[in-house]
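Enquirer: Got a structure for you, run.cif, holding mmCIF, C-alpha atoms and all ligand atoms.
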data_structure
loop_
_atom_site.label_atom_id
_atom_site.label_comp_id
_atom_site.auth_asym_id
_atom_site.auth_seq_id
_atom_site.Cartn_x
_atom_site.Cartn_y
_atom_site.Cartn_z
CA MET A 1118 0.63 14.54 26.18
CA LYS A 1119 -1.01 15.92 23.05
CA LYS A 1120 -2.90 13.47 20.92
CA LEU A 1121 -2.17 12.73 17.30
CA ARG A 1122 -5.34 12.75 15.23
CA ILE A 1123 -5.52 10.39 12.27
CA ALA A 1124 -8.23 10.23 9.59
CA ILE A 1125 -9.17 6.78 8.35
CA GLN A 1126 -11.73 5.75 5.75
CA LYS A 1127 -15.08 5.16 7.44
CA SER A 1128 -16.04 2.13 5.44
CA GLY A 1129 -14.48 0.83 2.28
CA ARG A 1130 -11.46 -0.92 0.89
CA LEU A 1131 -8.95 0.86 3.13
CA SER A 1132 -10.77 0.68 6.46
CA GLU A 1133 -10.14 -2.80 7.71
CA LYS A 1134 -6.45 -2.96 6.82
CA SER A 1135 -5.79 0.49 8.25
CA LEU A 1136 -7.35 -0.47 11.59
CA LEU A 1137 -5.48 -3.77 11.58
CA LEU A 1138 -2.22 -1.90 11.02
CA LEU A 1139 -2.90 0.26 14.08
CA LYS A 1140 -3.74 -2.82 16.12
CA GLU A 1141 -0.53 -4.56 15.08
CA ALA A 1142 1.32 -1.40 16.08
CA GLY A 1143 -0.08 -1.87 19.60
CA ILE A 1144 -2.72 0.83 19.28
CA PHE A 1145 -6.05 -0.43 20.59
CA LEU A 1146 -9.17 1.63 20.07
CA ASN A 1147 -11.93 1.94 22.64
CA ASN A 1148 -14.86 2.44 20.31
CA SER A 1149 -15.06 -0.37 17.83
CA SER A 1150 -18.51 0.66 16.62
CA ARG A 1151 -16.65 3.32 14.64
CA LYS A 1152 -19.22 6.09 14.71
CA LEU A 1153 -17.33 9.26 14.07
CA LYS A 1154 -14.37 9.17 16.39
CA SER A 1155 -12.51 6.77 18.62
CA GLU A 1156 -9.60 7.05 20.99
CA SER A 1157 -6.81 4.82 22.15
CA GLN A 1158 -5.94 4.27 25.79
CA SER A 1159 -2.66 2.59 24.90
CA PHE A 1160 -1.28 5.38 22.69
CA PRO A 1161 -1.96 9.15 22.41
CA LEU A 1162 -4.04 8.79 19.27
CA GLU A 1163 -7.52 9.75 18.17
CA VAL A 1164 -9.14 8.36 15.02
CA ILE A 1165 -11.75 10.19 12.97
CA TYR A 1166 -13.65 8.27 10.31
CA LEU A 1167 -14.27 9.99 6.97
CA ARG A 1168 -14.96 9.28 3.30
CA ASP A 1169 -11.63 8.75 1.58
CA ASP A 1170 -12.29 11.63 -0.85
CA ASP A 1171 -12.45 14.06 2.07
CA ILE A 1172 -9.30 12.95 3.87
CA PRO A 1173 -6.67 15.01 1.95
CA GLN A 1174 -8.58 18.27 2.56
CA TYR A 1175 -9.15 17.54 6.26
CA VAL A 1176 -5.42 16.89 6.63
CA GLU A 1177 -4.50 20.06 4.75
CA ASP A 1178 -6.86 22.03 7.02
CA GLY A 1179 -5.34 20.45 10.13
CA VAL A 1180 -8.63 18.89 11.31
CA ALA A 1181 -6.62 15.67 11.27
CA HIS A 1182 -2.82 15.73 11.56
CA ILE A 1183 -2.40 12.72 9.30
CA GLY A 1184 -4.56 10.40 7.22
CA ILE A 1185 -4.46 7.11 5.37
CA VAL A 1186 -5.67 7.30 1.76
CA GLY A 1187 -5.11 5.67 -1.60
CA GLU A 1188 -2.27 7.38 -3.42
CA ASN A 1189 -4.76 8.03 -6.25
CA GLU A 1190 -6.85 10.26 -3.93
CA PHE A 1191 -3.72 12.06 -2.77
CA ALA A 1192 -2.75 12.73 -6.41
CA GLU A 1193 -6.26 13.74 -7.47
CA LYS A 1194 -6.91 16.23 -4.71
CA GLU A 1195 -3.58 18.08 -5.12
CA CYS A 1196 -3.81 19.22 -1.50
CA GLU A 1197 -0.98 20.90 0.38
CA VAL A 1198 -0.02 17.80 2.36
CA ASP A 1199 3.05 15.55 2.41
CA LEU A 1200 3.15 11.86 1.56
CA ILE A 1201 5.21 10.49 4.47
CA GLU A 1202 4.89 6.70 4.25
CA ARG A 1203 3.84 4.02 1.76
CA LEU A 1204 1.93 1.17 3.36
CA GLY A 1205 1.94 -1.50 0.66
CA TYR A 1206 -1.73 -2.54 0.86
CA SER A 1207 -4.80 -1.75 -1.29
CA ARG A 1208 -2.57 -1.81 -4.33
CA CYS A 1209 -4.21 -0.93 -7.64
CA ARG A 1210 -3.55 1.04 -10.80
CA LEU A 1211 -5.32 3.81 -12.68
CA SER A 1212 -5.71 2.78 -16.27
CA ILE A 1213 -7.28 3.92 -19.49
CA ALA A 1214 -9.55 1.29 -21.05
CA ILE A 1215 -11.53 1.18 -24.28
CA PRO A 1216 -14.14 -1.20 -25.76
CA LYS A 1217 -12.26 -4.39 -26.52
CA SER A 1218 -13.06 -4.41 -30.24
CA ASP A 1219 -11.84 -0.82 -30.81
CA SER A 1220 -8.41 -0.45 -32.34
CA TYR A 1221 -5.64 1.25 -30.40
CA ASP A 1222 -2.03 1.95 -31.31
CA SER A 1223 -0.95 4.81 -29.10
CA LEU A 1224 -2.17 7.65 -26.91
CA LYS A 1225 -2.69 9.77 -30.03
CA ASP A 1226 -5.76 7.63 -30.75
CA LEU A 1227 -7.45 9.34 -27.81
CA ASN A 1228 -7.37 12.76 -29.52
CA GLY A 1229 -10.92 14.08 -29.85
CA LYS A 1230 -12.37 11.22 -27.80
CA ARG A 1231 -14.61 11.39 -24.73
CA ILE A 1232 -13.07 9.84 -21.61
CA ALA A 1233 -15.17 9.18 -18.50
CA THR A 1234 -13.49 9.19 -15.09
CA SER A 1235 -13.75 10.01 -11.39
CA TYR A 1236 -10.16 11.31 -11.57
CA PRO A 1237 -10.33 14.40 -13.83
CA VAL A 1238 -7.24 16.09 -12.37
CA ILE A 1239 -4.96 13.09 -12.83
CA LEU A 1240 -6.35 12.52 -16.34
CA GLU A 1241 -6.06 16.17 -17.36
CA ASN A 1242 -2.43 16.33 -16.16
CA TYR A 1243 -1.57 13.12 -17.98
CA LEU A 1244 -3.21 14.12 -21.28
CA GLN A 1245 -1.58 17.54 -21.16
CA LYS A 1246 1.84 16.04 -20.51
CA HIS A 1247 1.45 13.81 -23.56
CA GLY A 1248 -0.10 16.47 -25.82
CA VAL A 1249 -3.46 14.72 -26.18
CA LYS A 1250 -6.69 16.71 -26.41
CA ALA A 1251 -9.77 14.80 -25.26
CA ASP A 1252 -13.08 15.61 -23.56
CA ILE A 1253 -13.16 14.59 -19.93
CA HIS A 1254 -16.53 13.49 -18.52
CA VAL A 1255 -16.58 13.42 -14.75
CA LEU A 1256 -18.59 10.59 -13.19
CA SER A 1257 -18.67 9.78 -9.50
CA GLY A 1258 -19.25 6.04 -9.89
CA SER A 1259 -19.92 3.13 -12.28
CA VAL A 1260 -17.44 4.62 -14.72
CA GLU A 1261 -17.01 1.25 -16.41
CA LEU A 1262 -20.58 1.46 -17.78
CA ALA A 1263 -20.01 4.73 -19.67
CA PRO A 1264 -18.81 3.26 -23.01
CA SER A 1265 -21.63 0.71 -23.28
CA ILE A 1266 -24.32 3.36 -22.85
CA GLY A 1267 -22.67 5.63 -25.41
CA MET A 1268 -21.57 8.24 -22.90
CA ALA A 1269 -17.85 7.89 -23.55
CA ASP A 1270 -15.32 6.30 -25.92
CA ALA A 1271 -12.89 5.39 -23.15
CA ILE A 1272 -12.57 5.43 -19.38
CA LEU A 1273 -9.88 6.09 -16.80
CA ASP A 1274 -10.60 3.98 -13.72
CA ILE A 1275 -9.07 1.98 -10.91
CA VAL A 1276 -8.08 -1.55 -11.89
CA SER A 1277 -7.07 -4.28 -9.52
CA SER A 1278 -7.66 -7.81 -10.87
CA GLY A 1279 -9.00 -6.49 -14.19
CA SER A 1280 -12.21 -8.50 -13.99
CA THR A 1281 -14.50 -5.45 -13.90
CA LEU A 1282 -13.05 -4.29 -17.21
CA ILE A 1283 -13.43 -7.72 -18.79
CA SER A 1284 -17.02 -8.16 -17.64
CA ASN A 1285 -17.84 -4.78 -19.19
CA GLY A 1286 -16.25 -5.61 -22.53
CA LEU A 1287 -13.30 -3.26 -22.00
CA ARG A 1288 -9.55 -3.65 -22.36
CA GLU A 1289 -6.76 -1.82 -20.58
CA VAL A 1290 -4.58 0.19 -22.96
CA GLU A 1291 -2.55 2.52 -20.72
CA VAL A 1292 -1.52 2.33 -17.05
CA ILE A 1293 -1.15 5.93 -15.96
CA MET A 1294 -0.43 5.53 -12.27
CA LYS A 1295 0.18 2.83 -9.67
CA SER A 1296 -1.32 3.28 -6.23
CA GLU A 1297 -1.21 1.87 -2.71
CA ALA A 1298 -2.37 3.05 0.70
CA VAL A 1299 -0.21 5.95 1.94
CA VAL A 1300 0.09 8.13 5.03
CA ILE A 1301 -0.32 11.83 4.32
CA ALA A 1302 0.52 14.54 6.82
CA ASN A 1303 -0.29 18.15 7.53
CA ARG A 1304 2.70 20.42 6.90
CA ASN A 1305 2.57 22.23 10.25
CA ILE A 1306 2.56 19.58 12.93
CA ASP A 1307 3.99 21.01 16.16
CA GLY A 1308 6.65 19.53 18.45
CA ASP A 1309 4.62 17.36 20.85
CA VAL A 1310 2.37 15.87 18.22
CA LYS A 1311 5.35 15.44 15.91
CA ALA A 1312 7.02 13.25 18.54
CA VAL A 1313 3.90 11.06 18.70
CA LEU A 1314 3.87 10.89 14.90
CA ASN A 1315 7.50 9.79 14.79
CA ASP A 1316 6.72 7.07 17.31
CA LEU A 1317 3.73 5.89 15.24
CA ILE A 1318 5.78 5.79 12.03
CA PHE A 1319 8.50 3.83 13.82
CA ARG A 1320 5.91 1.28 14.97
CA ILE A 1321 4.32 1.06 11.51
CA ARG A 1322 7.72 0.42 9.94
CA SER A 1323 8.39 -2.35 12.46
CA VAL A 1324 5.06 -4.00 11.62
CA MET A 1325 5.69 -3.72 7.87
CA ALA A 1326 9.26 -5.00 8.14
CA ALA A 1327 7.99 -7.98 10.16
CA SER A 1328 5.35 -8.88 7.61
CA ASN A 1329 7.91 -8.62 4.79
CA ASN A 1330 10.37 -10.96 6.53
CA LYS A 1331 10.53 -14.47 7.96
CA TYR A 1332 12.71 -16.03 10.62
CA ILE A 1333 14.50 -19.10 9.30
CA LEU A 1334 16.23 -21.92 11.21
CA LEU A 1335 18.01 -24.82 9.58
CA ASN A 1336 20.62 -27.50 10.08
CA ALA A 1337 23.65 -27.13 7.83
CA PRO A 1338 26.40 -29.60 7.00
CA ASN A 1339 29.66 -27.88 8.02
CA GLU A 1340 31.31 -28.49 4.67
CA ASN A 1341 28.75 -26.15 3.03
CA LEU A 1342 28.38 -23.74 5.94
CA GLU A 1343 30.09 -20.81 4.23
CA GLN A 1344 27.94 -21.07 1.12
CA ILE A 1345 24.79 -21.43 3.21
CA ILE A 1346 25.68 -18.32 5.23
CA ALA A 1347 26.29 -16.41 2.00
CA THR A 1348 22.81 -17.43 0.81
CA ILE A 1349 21.04 -16.03 3.92
CA PRO A 1350 23.01 -13.02 5.13
CA GLY A 1351 20.37 -11.95 7.69
CA MET A 1352 20.08 -8.54 9.39
CA LYS A 1353 23.75 -8.48 10.38
CA SER A 1354 24.92 -12.04 9.84
CA PRO A 1355 23.32 -15.36 10.75
CA THR A 1356 23.66 -16.94 14.19
CA VAL A 1357 25.58 -20.21 13.89
CA THR A 1358 25.81 -22.79 16.72
CA PRO A 1359 27.25 -26.31 16.58
CA LEU A 1360 24.82 -29.23 16.80
CA ALA A 1361 25.42 -32.20 19.12
CA GLU A 1362 25.91 -34.29 15.99
CA ALA A 1363 29.46 -33.80 14.68
CA GLY A 1364 29.79 -32.05 11.31
CA TRP A 1365 26.52 -30.12 11.59
CA SER A 1366 25.57 -26.60 12.67
CA SER A 1367 22.30 -24.83 13.40
CA VAL A 1368 21.85 -21.58 11.47
CA HIS A 1369 19.30 -18.86 12.36
CA SER A 1370 18.59 -15.85 10.18
CA VAL A 1371 16.02 -13.47 8.71
CA LEU A 1372 14.83 -13.74 5.14
CA SER A 1373 12.76 -11.35 3.08
CA GLU A 1374 9.48 -12.66 1.73
CA LYS A 1375 10.51 -11.68 -1.82
CA GLU A 1376 13.65 -13.83 -1.98
CA PHE A 1377 12.08 -16.66 -0.03
CA TRP A 1378 11.50 -19.44 -2.59
CA GLY A 1379 14.73 -18.85 -4.51
CA VAL A 1380 16.72 -19.05 -1.27
CA ILE A 1381 14.94 -22.17 -0.02
CA ASP A 1382 15.72 -24.01 -3.26
CA ARG A 1383 19.39 -23.02 -3.04
CA LEU A 1384 19.60 -24.11 0.64
CA ARG A 1385 18.24 -27.55 -0.20
CA GLU A 1386 20.81 -27.91 -2.97
CA LEU A 1387 23.48 -27.14 -0.38
CA GLY A 1388 22.26 -29.96 1.88
CA ALA A 1389 20.40 -27.90 4.49
CA GLN A 1390 17.92 -29.97 6.52
CA GLY A 1391 15.15 -29.37 9.03
CA ILE A 1392 14.38 -25.96 7.56
CA LEU A 1393 11.85 -24.06 9.71
CA VAL A 1394 10.33 -20.77 8.60
CA ILE A 1395 8.54 -18.73 11.24
CA PRO A 1396 6.53 -15.49 10.96
CA ILE A 1397 7.99 -12.50 12.76
CA GLU A 1398 5.62 -10.45 14.87
CA LYS A 1399 7.60 -7.20 15.08
CA MET A 1400 10.94 -6.26 13.60
CA ILE A 1401 12.79 -3.21 14.91
CA VAL A 1402 14.69 -1.75 11.98
O1 LIG A 1501 -17.07 5.81 0.53
P1 LIG A 1501 -15.70 6.27 0.19
O2 LIG A 1501 -15.68 7.49 -0.71
O3 LIG A 1501 -14.85 6.41 1.41
O4 LIG A 1501 -15.02 5.05 -0.63
P2 LIG A 1501 -14.82 4.81 -2.19
O5 LIG A 1501 -15.96 3.99 -2.67
O6 LIG A 1501 -14.49 6.07 -2.91
O7 LIG A 1501 -13.47 3.98 -2.19
P3 LIG A 1501 -13.19 2.42 -2.08
O8 LIG A 1501 -13.42 1.96 -0.68
O9 LIG A 1501 -13.86 1.68 -3.18
O10 LIG A 1501 -11.62 2.43 -2.40
C1 LIG A 1501 -10.72 3.09 -1.58
C2 LIG A 1501 -9.34 3.01 -2.21
O11 LIG A 1501 -8.96 1.64 -2.36
C3 LIG A 1501 -9.22 3.56 -3.61
O12 LIG A 1501 -9.07 4.96 -3.62
C4 LIG A 1501 -7.98 2.86 -4.13
O13 LIG A 1501 -6.82 3.54 -3.72
C5 LIG A 1501 -8.02 1.51 -3.41
N1 LIG A 1501 -8.43 0.36 -4.28
C6 LIG A 1501 -7.71 -0.80 -4.40
C7 LIG A 1501 -9.50 0.25 -5.04
C8 LIG A 1501 -9.46 -1.01 -5.68
N2 LIG A 1501 -8.34 -1.64 -5.25
C9 LIG A 1501 -10.52 -1.40 -6.58
N3 LIG A 1501 -10.46 -2.50 -7.14
N4 LIG A 1501 -10.55 1.09 -5.29
C10 LIG A 1501 -11.53 0.72 -6.11
N5 LIG A 1501 -11.57 -0.47 -6.79
C11 LIG A 1501 -12.76 -0.71 -7.68
C12 LIG A 1501 -12.64 0.05 -9.02
O14 LIG A 1501 -13.24 1.31 -8.90
C13 LIG A 1501 -13.39 -0.83 -10.01
O15 LIG A 1501 -14.77 -0.57 -9.98
O16 LIG A 1501 -12.88 -2.07 -8.04
C14 LIG A 1501 -13.16 -2.21 -9.44
C15 LIG A 1501 -11.99 -2.84 -10.17
O17 LIG A 1501 -11.56 -3.98 -9.53
P4 LIG A 1501 -11.09 -5.26 -10.36
O18 LIG A 1501 -10.48 -6.18 -9.35
O19 LIG A 1501 -12.33 -5.85 -11.00
O20 LIG A 1501 -10.09 -4.80 -11.40
ZN ZN A 1502 -14.38 7.83 -2.19
#
How would this structure read if it were set down as structure tokens?
Ligand code: PRT
Ligand code: ZN
Expert:
Amino acid sequence: MKKLRIAIQKSGRLSEKSLLLLKEAGIFLNNSSRKLKSESQSFPLEVIYLRDDDIPQYVEDGVAHIGIVGENEFAEKECEVDLIERLGYSRCRLSIAIPKSDSYDSLKDLNGKRIATSYPVILENYLQKHGVKADIHVLSGSVELAPSIGMADAILDIVSSGSTLISNGLREVEVIMKSEAVVIANRNIDGDVKAVLNDLIFRIRSVMAASNNKYILLNAPNENLEQIIATIPGMKSPTVTPLAEAGWSSVHSVLSEKEFWGVIDRLRELGAQGILVIPIEKMIV
């Protein structure tokens, strides 16, 4: 069987979580020292390790069939590749920030200003779309220092917690894009490899669905059973079995992480007892 080749960041913010995702999908790699390449014995997959900036081009060229990158790199490189799956980790945003004491009302205030960034393409597209004319200074790192050394009036950079901006005396004035880790794919993947890719995506979705959901078991008083079932509809509908104690039932279901606390509060109001919430390892959707 032909192997699917995936490009993963060699070392950085995406590396660990990307490898963990493969592991949770049952794909174990033989070479954990992560030199340049590793292979899996449990799945027809080969991993090549690259700088994240290089991944979109390698995927466009077909050196790797697919890759995992930050959506910001995918947008910046404008390569001829497809975004085929969002992975939900390494979330961040690309924002414009200015010295905190500078005034700012709207984007128009950036006209004629110098903006430092490592993302000139994204910035240029954004400014053009909004009719703003500014000078873009391309820096490959430490962008947040540019205003304090007089090199720029503003920056466009990645923000996560916001603490880097604060510790450099900057404030965020515009969020221009949100980003997360994504899978990008070459546009000409042939039949055999495509089948492996579909299998991988299926496994990844099962892992993601599992981590977004919990298995819930509880004891429900029969008089409120209908309302309790309506509160936790589950994948199809909950499993309900009578308890030995008259007037009570055991209810099993699946609950999404997002609605979790709201639902738990409601269940307690309805007299549910012995509520157990259990992580799900895989969920076939
Ligand atoms: O060596 P290589 O080129 O492969 O790596 P890199 O240094 O270019 O990238 P890396 O590992 O720093 O980031 C990889 C990807 O992670 C990025 O492209 C983003 O999609 C995503 N990501 C998520 C982040 C952050 N969060 C993040 N906080 N990338 C960078 N940062 C930096 C940011 O540049 C700024 O300096 O962290 C600082 C801001 O963080 P806060 O928490 O202080 O706001
Ligand atoms: Zn990089």
Enquirer: Write as a list in words the residues around ligand ZN 1502 (chain A), taking 7 Å as the cut-off and counting all atoms listed in the file.
Expert: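 Based on all atoms listed in the file, ligand ZN 1502 (chain A) is surrounded within 7 Å by Arg1168, Asp1169 and Asp1170 of chain A.
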Enquirer: How about saving the chosen residues, C-alpha atoms kept, as a compact mmCIF listing (two decimals), keeping the file's coordinate frame?
Expert:
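Final file, result-v6.txt:
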# COMPACT_ATOMS: atom_id res chain seq x y z
CA ARG A 1168 -14.96 9.28 3.30
CA ASP A 1169 -11.63 8.75 1.58
CA ASP A 1170 -12.29 11.63 -0.85
Enquirer: With distances taken over only C-alpha atoms and all ligand atoms, which of A:Pro1173, A:Gly1248, A:Gly1187, A:Gly1179 is nearest to ligand LIG 1501 (chain A)?
Expert: A:Gly1187
Enquirer: Mind giving me the straight-line distance from atom CA of Leu1200 of chain A to atom CA of Leu1224 of chain A in Å, one decimal?
Expert: 29.3 Å
Enquirer: Could you produce a table of the residues of chain A lying within 7 Å of ligand LIG 1501 (chain A), with the nearest pair of atoms per residue and their separation in Å rounded to one decimal, using only C-alpha atoms and all ligand atoms, ordered by chain and increasing residue number, as JSON lines?
Expert:
{"residue": "A:Gln1126", "atom": "CA", "partner": "A:LIG1501", "partner_atom": "O3", "distance": 5.4}
{"residue": "A:Lys1127", "atom": "CA", "partner": "A:LIG1501", "partner_atom": "O3", "distance": 6.2}
{"residue": "A:Ser1128", "atom": "CA", "partner": "A:LIG1501", "partner_atom": "O3", "distance": 6.0}
{"residue": "A:Gly1129", "atom": "CA", "partner": "A:LIG1501", "partner_atom": "O8", "distance": 3.3}
{"residue": "A:Arg1130", "atom": "CA", "partner": "A:LIG1501", "partner_atom": "O8", "distance": 3.8}
{"residue": "A:Leu1131", "atom": "CA", "partner": "A:LIG1501", "partner_atom": "C1", "distance": 5.5}
{"residue": "A:Leu1167", "atom": "CA", "partner": "A:LIG1501", "partner_atom": "O3", "distance": 6.6}
{"residue": "A:Arg1168", "atom": "CA", "partner": "A:LIG1501", "partner_atom": "O3", "distance": 3.4}
{"residue": "A:Asp1169", "atom": "CA", "partner": "A:LIG1501", "partner_atom": "O3", "distance": 4.0}
{"residue": "A:Asp1170", "atom": "CA", "partner": "A:LIG1501", "partner_atom": "O2", "distance": 5.4}
{"residue": "A:Val1186", "atom": "CA", "partner": "A:LIG1501", "partner_atom": "O13", "distance": 6.7}
{"residue": "A:Gly1187", "atom": "CA", "partner": "A:LIG1501", "partner_atom": "O13", "distance": 3.5}
{"residue": "A:Glu1188", "atom": "CA", "partner": "A:LIG1501", "partner_atom": "O13", "distance": 6.0}
{"residue": "A:Asn1189", "atom": "CA", "partner": "A:LIG1501", "partner_atom": "O13", "distance": 5.6}
{"residue": "A:Glu1190", "atom": "CA", "partner": "A:LIG1501", "partner_atom": "O12", "distance": 5.8}
{"residue": "A:Ser1207", "atom": "CA", "partner": "A:LIG1501", "partner_atom": "C6", "distance": 4.4}
{"residue": "A:Arg1208", "atom": "CA", "partner": "A:LIG1501", "partner_atom": "C6", "distance": 5.2}
{"residue": "A:Cys1209", "atom": "CA", "partner": "A:LIG1501", "partner_atom": "C6", "distance": 4.8}
{"residue": "A:Ser1259", "atom": "CA", "partner": "A:LIG1501", "partner_atom": "O15", "distance": 6.7}
{"residue": "A:Asp1274", "atom": "CA", "partner": "A:LIG1501", "partner_atom": "O14", "distance": 6.1}
{"residue": "A:Ile1275", "atom": "CA", "partner": "A:LIG1501", "partner_atom": "C12", "distance": 4.5}
{"residue": "A:Val1276", "atom": "CA", "partner": "A:LIG1501", "partner_atom": "O20", "distance": 3.9}
{"residue": "A:Ser1277", "atom": "CA", "partner": "A:LIG1501", "partner_atom": "O20", "distance": 3.6}
{"residue": "A:Ser1278", "atom": "CA", "partner": "A:LIG1501", "partner_atom": "O18", "distance": 3.6}
{"residue": "A:Gly1279", "atom": "CA", "partner": "A:LIG1501", "partner_atom": "O20", "distance": 3.4}
{"residue": "A:Ser1280", "atom": "CA", "partner": "A:LIG1501", "partner_atom": "O19", "distance": 4.0}
{"residue": "A:Thr1281", "atom": "CA", "partner": "A:LIG1501", "partner_atom": "O19", "distance": 3.6}
{"residue": "A:Leu1282", "atom": "CA", "partner": "A:LIG1501", "partner_atom": "O19", "distance": 6.4}
{"residue": "A:Ser1296", "atom": "CA", "partner": "A:LIG1501", "partner_atom": "O13", "distance": 6.1}
{"residue": "A:Glu1297", "atom": "CA", "partner": "A:LIG1501", "partner_atom": "O13", "distance": 5.9}
{"residue": "A:Ala1298", "atom": "CA", "partner": "A:LIG1501", "partner_atom": "O13", "distance": 6.3}
Enquirer: In terms of the shortest atom-to-atom distance over all atoms listed in the file, which of A:Asn1147, A:Lys1331, A:Val1198, A:Ile1165 is closest to Ile1306 of chain A?
Expert: A:Val1198
Enquirer: Could you tell me how far atom CA of His1254 of chain A lies from atom CA of Gln1174 of chain A, in Å and to one decimal?
Expert: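 Taking atom CA of His1254 of chain A and atom CA of Gln1174 of chain A, their separation equals 23.0 Å.
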Enquirer: With all atoms listed in the file as the atoms that count, which of A:Ile1318, A:Val1290, A:Ile1397, A:Asn1339 lies nearest to Asp1222 of chain A?
Expert: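 Smallest separation from Asp1222 of chain A among the options: A:Val1290.
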Enquirer: Need the shell around Met1294 of chain A: protein/DNA/RNA residues with any atom at most 6 Å away, counting only C-alpha atoms. Skip same-chain ones fewer than 2 positions apart. Format as a count of residues only?
Expert: 3
Enquirer: Identify the residues around (-19.0, 6.7, 15.9) within a radius of 12 Å, measuring from all atoms listed in the file in the coordinates stated by the file, and give them as a PDB file with C-alpha atoms, in the coordinates of the input.
Expert:
ATOM      1  CA  LYS A1127     -15.080   5.160   7.440  1.00  0.00           C
ATOM      2  CA  SER A1128     -16.040   2.130   5.440  1.00  0.00           C
ATOM      3  CA  LEU A1146      -9.170   1.630  20.070  1.00  0.00           C
ATOM      4  CA  ASN A1147     -11.930   1.940  22.640  1.00  0.00           C
ATOM      5  CA  ASN A1148     -14.860   2.440  20.310  1.00  0.00           C
ATOM      6  CA  SER A1149     -15.060  -0.370  17.830  1.00  0.00           C
ATOM      7  CA  SER A1150     -18.510   0.660  16.620  1.00  0.00           C
ATOM      8  CA  ARG A1151     -16.650   3.320  14.640  1.00  0.00           C
ATOM      9  CA  LYS A1152     -19.220   6.090  14.710  1.00  0.00           C
ATOM     10  CA  LEU A1153     -17.330   9.260  14.070  1.00  0.00           C
ATOM     11  CA  LYS A1154     -14.370   9.170  16.390  1.00  0.00           C
ATOM     12  CA  SER A1155     -12.510   6.770  18.620  1.00  0.00           C
ATOM     13  CA  GLU A1156      -9.600   7.050  20.990  1.00  0.00           C
ATOM     14  CA  VAL A1164      -9.140   8.360  15.020  1.00  0.00           C
ATOM     15  CA  ILE A1165     -11.750  10.190  12.970  1.00  0.00           C
ATOM     16  CA  TYR A1166     -13.650   8.270  10.310  1.00  0.00           C
ATOM     17  CA  LEU A1167     -14.270   9.990   6.970  1.00  0.00           C
TER      18      LEU A1167
END
Enquirer: Which residue is closest to His1182 of chain A? Choose from A:Ala1214, A:Val1255, A:Ala1302, A:Met1268 and count all atoms listed in the file.
Expert: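 Among A:Ala1214, A:Val1255, A:Ala1302, A:Met1268, it is A:Ala1302 that comes nearest to His1182 of chain A.
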Enquirer: What is the distance between atom CA of Leu1335 of chain A and atom CA of Ile1401 of chain A, in Å to one decimal?
Expert: 22.9 Å
Enquirer: Which of these residues is nearest to Val1300 of chain A, using only C-alpha atoms: A:Asn1228, A:Ser1257, A:Ser1284, A:Ser1135?
Expert: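 Of A:Asn1228, A:Ser1257, A:Ser1284, A:Ser1135, the one nearest Val1300 of chain A is A:Ser1135, counting only C-alpha atoms.
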Enquirer: For segment 1231-1245 of chain A, list every protein, DNA or RNA residue within 7 Å, evaluated using only C-alpha atoms, and leave out those in the same chain fewer than 4 positions away; present the list as a count of residues only.
Expert: 20
Enquirer: Around all the atoms of segment 1221-1230 of chain A listed in the file, with 5 Å of room on each side, what axis-aligned box do you get, giving centre and edge lengths in Å to one decimal, as lines of an AutoDock Vina configuration file?
Expert:
center_x = -6.7
center_y = 7.7
center_z = -29.1
size_x = 21.4
size_y = 22.8
size_z = 14.4
Enquirer: I want to know what sits within 9 Å of segment 1362-1364 of chain A, based on all atoms listed in the file, with residues of the same chain fewer than 4 positions away left out; could you give that as a VMD selection string?
Expert: chain A and resid 1337 to 1340
Enquirer: Which residue is closest to Leu1204 of chain A? Choose from A:Asn1315, A:Ser1218, A:Asn1285, A:Asn1329 and count all atoms listed in the file.
Expert: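 Of all the options, A:Asn1329 lies closest to Leu1204 of chain A.
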Enquirer: Segment 1368-1374 of chain A: which residues within 7 Å, counting only C-alpha atoms, same-chain residues fewer than 5 positions away excluded, as a PyMOL selection string?
Expert: chain A and resi 1329-1337+1349+1351-1352+1355-1358
Enquirer: Provide segment 1254-1259 of chain A rebuilt to N, CA, C and O atoms, formatted as an mmCIF file, in the frame of the given file.
Expert:
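The resulting file, part-v1.cif, is shown below:
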data_model
loop_
_atom_site.group_PDB
_atom_site.id
_atom_site.type_symbol
_atom_site.label_atom_id
_atom_site.label_comp_id
_atom_site.auth_asym_id
_atom_site.auth_seq_id
_atom_site.Cartn_x
_atom_site.Cartn_y
_atom_site.Cartn_z
ATOM 1 N N HIS A 1254 -15.202 13.532 -19.146
ATOM 2 C CA HIS A 1254 -16.530 13.490 -18.520
ATOM 3 C C HIS A 1254 -16.382 12.983 -17.096
ATOM 4 O O HIS A 1254 -15.934 11.863 -16.889
ATOM 5 N N VAL A 1255 -16.766 13.816 -16.152
ATOM 6 C CA VAL A 1255 -16.580 13.420 -14.750
ATOM 7 C C VAL A 1255 -17.803 12.641 -14.251
ATOM 8 O O VAL A 1255 -18.931 13.118 -14.315
ATOM 9 N N LEU A 1256 -17.540 11.428 -13.779
ATOM 10 C CA LEU A 1256 -18.590 10.590 -13.190
ATOM 11 C C LEU A 1256 -18.150 10.209 -11.791
ATOM 12 O O LEU A 1256 -16.968 9.968 -11.565
ATOM 13 N N SER A 1257 -19.116 10.100 -10.850
ATOM 14 C CA SER A 1257 -18.670 9.780 -9.500
ATOM 15 C C SER A 1257 -18.657 8.269 -9.234
ATOM 16 O O SER A 1257 -18.071 7.803 -8.276
ATOM 17 N N GLY A 1258 -19.295 7.490 -10.097
ATOM 18 C CA GLY A 1258 -19.250 6.040 -9.890
ATOM 19 C C GLY A 1258 -19.665 5.303 -11.145
ATOM 20 O O GLY A 1258 -20.083 5.929 -12.134
ATOM 21 N N SER A 1259 -19.545 3.987 -11.132
ATOM 22 C CA SER A 1259 -19.920 3.130 -12.280
ATOM 23 C C SER A 1259 -19.340 3.622 -13.596
ATOM 24 O O SER A 1259 -20.012 3.589 -14.631
#
